Amino acid sequence: MKRTAVTLVLTLGLLSWVVSAQDQGGRPDRSERPRQREGRRPGGVEGPPGDRGRAGQPDFSSSPLPKDDAEKKILAVLDDMNRNERGGMMSVPLNDGRYLRLLTESIAPKRVVEIGTSHGYSAIWLCLALRSTGGKLTTYEVDAGRAALARKNFARAGVDSIVTLVEGDAHKEVTKLKEPIDLLFLDADKEGYLDYLEKLLPLVRAGGLILAHNMNARQADPAYVKAITTNPKLETLFVNLGGSGIGMTLKKR
Ligand SMILES: C[S@@+](CC[C@H](N)C(=O)[O-])C[C@H]1O[C@@H](n2cnc3c(N)ncnc32)[C@H](O)[C@@H]1O
């Protein structure tokens with residue numbers, strides 16, 4: 001009887017792990033999983049209990065549906081990257097990529113800047129939006145091997161004409177940017193986020209967005225969290241789609 005109970009507990013544990021891994025869009029990356037789900041985050045202000053909603057995953061799920069052949073081709077490349085290229089690339093989970101596309105397409109930016117290209121997974125999600133809005137992406141990567149792989153992925157997804165990949169240290173390279181930014185996506189060295197913010201916030205247009213990946217208690221730099229949660233000219237919300245958390249900051253008009 002005792003043995004049956006132990007087996008049942010182990011089976012349920014394994015099942016819930018498998019479901020959680022599927023929600024991440026592939027194999028679970030331990031470094032991407034939040035260490036704590038509940039409780040106060042640095043800089044966070046908790047609302048009343050009734051505001052918190054139900055903890056855990058949403059009740060419904062959905063998958064990307066291509067509206068035409070071009071989208072089909074891009075989604076097929078993303079699917080291939082998600083399944084076969086993830087190892088060592090630290091790319092955003094599937095749902096975070098979908099979220100980037102959704103936000104980007106809805107604000108129809110002309111200029112998007114991404115810090116941390118890796119093999120181009122999140123960049124291609126951004127491009128899925130930008131190809132419809134007529135916008136352009138500039139993305140920065142310090143690692144030559146990853147930059148080369150990203151270039152190949154941009155070409156096979158057919159988005160290379162709307163992406164400029166700058167190879168080099170983004171802390172230095174971004175100082176050459178002069179034009180306004182509609183959306184900034186930070187996904188490189190976590191301890192560098194504050195420097196990127198200080199260098200690029202003046203270029204982000206009023207009404208523009210700054211999205212920061214890996215905003216969880218284990219990975220986020222408290223100095224960055226403080227900067228985006230204590231400046232009255234900014235409005236910041238943290239979202240977690242079952243991945244590692246995104247800080248969404250609006251530069252108020
Ligand atoms: C988390 S990965 C980016 C994943 C990518 N955004 C995606 O979802 O496909 C972070 C990347 O930032 C790059 N990186 C780290 N420090 C950098 C720097 N100072 N300048 C440019 N790239 C940097 C790393 O080489 C790595 O490829």
# chains A, B, ... in the order shown; residues from 1 in each chain; ligands from 1
>>> residues_near_ligand(ligand="ligand 1", cutoff="9 Å", atoms="only C-alpha atoms and all ligand atoms", output="ChimeraX atom specification")
/A:86,88-93,96-97,114-125,139-144,146-147,150,166-173,185-190,192,213-214
>>> residues_around(residues="Leu203 (chain A)", least_positions_apart="4", cutoff="12 Å", atoms="only C-alpha atoms", output="list in words")
Arg111, Val112, Val113, Val174, Thr175, Lys176, Leu177, Lys178, Glu179, Pro180, Ile181, Asp182, Leu183, Leu184, Tyr196, Leu197, Glu198, Lys199, Gly207, Gly208, Leu209, Ile210 and Lys251 of chain A
>>> residues_around(residues="Leu75 (chain A)", least_positions_apart="5", cutoff="9 Å", atoms="only C-alpha atoms", output="PyMOL selection string")
chain A and resi 64-66+70+80+125+128+157
>>> atom_distance(atom1="CA of Ile162 (chain A)", atom2="CA of Ser244 (chain A)")
27.7 Å
>>> residues_around(residues="region 226-242 of chain A", least_positions_apart="2", cutoff="7 Å", atoms="only C-alpha atoms", output="PyMOL selection string")
chain A and resi 24+43+57+95-96+222-224+244-252
>>> write_last_selection(atoms="C-alpha atoms", output="PDB file, in the first residue's frame")
ATOM      1  CA  GLN A  24       8.341  25.945 -22.568  1.00  0.00           C
ATOM      2  CA  GLY A  43      11.437  46.547  -6.808  1.00  0.00           C
ATOM      3  CA  GLN A  57      -0.378  28.354 -16.215  1.00  0.00           C
ATOM      4  CA  ASN A  95       5.861  31.775 -25.886  1.00  0.00           C
ATOM      5  CA  ASP A  96       8.203  34.681 -25.178  1.00  0.00           C
ATOM      6  CA  PRO A 222      18.712  44.601  -8.962  1.00  0.00           C
ATOM      7  CA  ALA A 223      20.210  47.885 -10.194  1.00  0.00           C
ATOM      8  CA  TYR A 224      18.321  47.531 -13.492  1.00  0.00           C
ATOM      9  CA  SER A 244      12.039  33.362 -17.273  1.00  0.00           C
ATOM     10  CA  GLY A 245      10.134  36.613 -17.087  1.00  0.00           C
ATOM     11  CA  ILE A 246      10.016  39.791 -19.142  1.00  0.00           C
ATOM     12  CA  GLY A 247      10.202  43.354 -17.832  1.00  0.00           C
ATOM     13  CA  MET A 248       7.956  45.582 -19.942  1.00  0.00           C
ATOM     14  CA  THR A 249       8.737  49.247 -19.600  1.00  0.00           C
ATOM     15  CA  LEU A 250       6.836  52.057 -21.275  1.00  0.00           C
ATOM     16  CA  LYS A 251       8.560  55.402 -21.753  1.00  0.00           C
ATOM     17  CA  LYS A 252       5.607  57.635 -20.922  1.00  0.00           C
TER      18      LYS A 252
END
>>> residues_around(residues="Cys127 (chain A)", least_positions_apart="2", cutoff="10 Å", atoms="only C-alpha atoms", output="count of residues only")
27
>>> select_by_dssp(residues="region 160-246 of chain A", states="strand (DSSP E or B)", output="list of chain:residue names")
A:Val163, A:Thr164, A:Leu165, A:Val166, A:Glu167, A:Ile181, A:Asp182, A:Leu183, A:Leu184, A:Phe185, A:Leu186, A:Val204, A:Arg205, A:Ala206, A:Gly207, A:Gly208, A:Leu209, A:Ile210, A:Leu211, A:Ala212, A:His213, A:Leu234, A:Glu235, A:Thr236, A:Leu237, A:Phe238, A:Val239, A:Ile246
>>> select_by_dssp(residues="region 51-215 of chain A", states="helix (DSSP H, G or I)", output="PyMOL selection string")
chain A and resi 51+69-84+94-107+121-133+144-157+160-162+170-176+190-203
>>> decode(residues="region 71-160 of chain A", atoms="C-alpha atoms", output="PDB file, in the first residue's frame")
ATOM      1  CA  GLU A  71       4.610  33.334 -42.589  1.00  0.00           C
ATOM      2  CA  LYS A  72       4.560  29.580 -43.046  1.00  0.00           C
ATOM      3  CA  LYS A  73       8.199  29.644 -44.160  1.00  0.00           C
ATOM      4  CA  ILE A  74       9.303  31.840 -41.231  1.00  0.00           C
ATOM      5  CA  LEU A  75       7.388  29.746 -38.687  1.00  0.00           C
ATOM      6  CA  ALA A  76       8.943  26.577 -40.125  1.00  0.00           C
ATOM      7  CA  VAL A  77      12.439  28.047 -39.636  1.00  0.00           C
ATOM      8  CA  LEU A  78      11.555  29.090 -36.070  1.00  0.00           C
ATOM      9  CA  ASP A  79      10.202  25.622 -35.377  1.00  0.00           C
ATOM     10  CA  ASP A  80      13.387  24.054 -36.710  1.00  0.00           C
ATOM     11  CA  MET A  81      15.550  26.394 -34.594  1.00  0.00           C
ATOM     12  CA  ASN A  82      13.427  25.661 -31.533  1.00  0.00           C
ATOM     13  CA  ARG A  83      13.729  21.906 -31.983  1.00  0.00           C
ATOM     14  CA  ASN A  84      17.259  21.517 -33.308  1.00  0.00           C
ATOM     15  CA  GLU A  85      19.397  24.567 -32.504  1.00  0.00           C
ATOM     16  CA  ARG A  86      18.605  25.475 -28.916  1.00  0.00           C
ATOM     17  CA  GLY A  87      21.654  23.878 -27.286  1.00  0.00           C
ATOM     18  CA  GLY A  88      23.932  26.615 -25.941  1.00  0.00           C
ATOM     19  CA  MET A  89      22.027  29.387 -27.708  1.00  0.00           C
ATOM     20  CA  MET A  90      20.058  30.616 -24.655  1.00  0.00           C
ATOM     21  CA  SER A  91      17.210  31.677 -26.916  1.00  0.00           C
ATOM     22  CA  VAL A  92      13.883  32.855 -25.516  1.00  0.00           C
ATOM     23  CA  PRO A  93      11.188  30.216 -24.952  1.00  0.00           C
ATOM     24  CA  LEU A  94       8.574  29.799 -27.684  1.00  0.00           C
ATOM     25  CA  ASN A  95       5.861  31.775 -25.886  1.00  0.00           C
ATOM     26  CA  ASP A  96       8.203  34.681 -25.178  1.00  0.00           C
ATOM     27  CA  GLY A  97       9.005  34.768 -28.902  1.00  0.00           C
ATOM     28  CA  ARG A  98       5.306  34.811 -29.740  1.00  0.00           C
ATOM     29  CA  TYR A  99       4.784  37.588 -27.193  1.00  0.00           C
ATOM     30  CA  LEU A 100       7.559  39.660 -28.790  1.00  0.00           C
ATOM     31  CA  ARG A 101       5.888  39.292 -32.178  1.00  0.00           C
ATOM     32  CA  LEU A 102       2.460  40.184 -30.819  1.00  0.00           C
ATOM     33  CA  LEU A 103       3.648  43.315 -29.012  1.00  0.00           C
ATOM     34  CA  THR A 104       5.831  44.416 -31.908  1.00  0.00           C
ATOM     35  CA  GLU A 105       3.169  44.033 -34.550  1.00  0.00           C
ATOM     36  CA  SER A 106       0.621  45.868 -32.402  1.00  0.00           C
ATOM     37  CA  ILE A 107       2.775  48.973 -31.884  1.00  0.00           C
ATOM     38  CA  ALA A 108       4.006  48.890 -35.512  1.00  0.00           C
ATOM     39  CA  PRO A 109       7.533  50.167 -34.808  1.00  0.00           C
ATOM     40  CA  LYS A 110       9.810  51.520 -37.508  1.00  0.00           C
ATOM     41  CA  ARG A 111      13.023  50.869 -35.584  1.00  0.00           C
ATOM     42  CA  VAL A 112      13.634  47.968 -33.210  1.00  0.00           C
ATOM     43  CA  VAL A 113      16.951  47.377 -31.448  1.00  0.00           C
ATOM     44  CA  GLU A 114      17.855  44.015 -29.920  1.00  0.00           C
ATOM     45  CA  ILE A 115      20.875  43.470 -27.685  1.00  0.00           C
ATOM     46  CA  GLY A 116      21.911  39.803 -27.760  1.00  0.00           C
ATOM     47  CA  THR A 117      21.167  38.087 -31.086  1.00  0.00           C
ATOM     48  CA  SER A 118      22.570  34.627 -30.391  1.00  0.00           C
ATOM     49  CA  HIS A 119      21.444  32.489 -33.373  1.00  0.00           C
ATOM     50  CA  GLY A 120      18.618  34.887 -34.237  1.00  0.00           C
ATOM     51  CA  TYR A 121      15.587  33.134 -32.740  1.00  0.00           C
ATOM     52  CA  SER A 122      14.010  36.132 -30.975  1.00  0.00           C
ATOM     53  CA  ALA A 123      15.144  38.389 -33.839  1.00  0.00           C
ATOM     54  CA  ILE A 124      13.150  36.305 -36.321  1.00  0.00           C
ATOM     55  CA  TRP A 125      10.043  36.550 -34.086  1.00  0.00           C
ATOM     56  CA  LEU A 126      10.528  40.333 -34.130  1.00  0.00           C
ATOM     57  CA  CYS A 127      10.930  40.228 -37.923  1.00  0.00           C
ATOM     58  CA  LEU A 128       7.699  38.267 -38.279  1.00  0.00           C
ATOM     59  CA  ALA A 129       6.040  41.465 -37.048  1.00  0.00           C
ATOM     60  CA  LEU A 130       8.356  43.944 -38.772  1.00  0.00           C
ATOM     61  CA  ARG A 131       7.863  42.519 -42.265  1.00  0.00           C
ATOM     62  CA  SER A 132       4.190  43.515 -41.962  1.00  0.00           C
ATOM     63  CA  THR A 133       4.727  46.904 -40.346  1.00  0.00           C
ATOM     64  CA  GLY A 134       7.555  48.022 -42.635  1.00  0.00           C
ATOM     65  CA  GLY A 135       9.999  48.280 -39.718  1.00  0.00           C
ATOM     66  CA  LYS A 136      13.670  47.371 -39.400  1.00  0.00           C
ATOM     67  CA  LEU A 137      15.690  45.544 -36.749  1.00  0.00           C
ATOM     68  CA  THR A 138      19.238  46.263 -35.615  1.00  0.00           C
ATOM     69  CA  THR A 139      20.608  43.443 -33.465  1.00  0.00           C
ATOM     70  CA  TYR A 140      23.947  43.101 -31.638  1.00  0.00           C
ATOM     71  CA  GLU A 141      26.028  39.986 -31.017  1.00  0.00           C
ATOM     72  CA  VAL A 142      29.547  39.727 -29.614  1.00  0.00           C
ATOM     73  CA  ASP A 143      30.128  36.055 -30.428  1.00  0.00           C
ATOM     74  CA  ALA A 144      31.302  35.536 -34.029  1.00  0.00           C
ATOM     75  CA  GLY A 145      30.059  31.920 -34.280  1.00  0.00           C
ATOM     76  CA  ARG A 146      26.550  32.798 -33.114  1.00  0.00           C
ATOM     77  CA  ALA A 147      26.497  35.863 -35.368  1.00  0.00           C
ATOM     78  CA  ALA A 148      27.376  33.677 -38.389  1.00  0.00           C
ATOM     79  CA  LEU A 149      24.615  31.210 -37.511  1.00  0.00           C
ATOM     80  CA  ALA A 150      22.134  34.078 -37.057  1.00  0.00           C
ATOM     81  CA  ARG A 151      22.983  35.406 -40.520  1.00  0.00           C
ATOM     82  CA  LYS A 152      22.267  31.974 -42.024  1.00  0.00           C
ATOM     83  CA  ASN A 153      18.955  31.795 -40.153  1.00  0.00           C
ATOM     84  CA  PHE A 154      17.915  35.290 -41.276  1.00  0.00           C
ATOM     85  CA  ALA A 155      18.616  34.267 -44.889  1.00  0.00           C
ATOM     86  CA  ARG A 156      16.685  31.011 -44.737  1.00  0.00           C
ATOM     87  CA  ALA A 157      13.730  32.754 -43.038  1.00  0.00           C
ATOM     88  CA  GLY A 158      13.853  35.393 -45.810  1.00  0.00           C
ATOM     89  CA  VAL A 159      14.144  38.314 -43.353  1.00  0.00           C
ATOM     90  CA  ASP A 160      17.776  39.305 -43.994  1.00  0.00           C
TER      91      ASP A 160
END
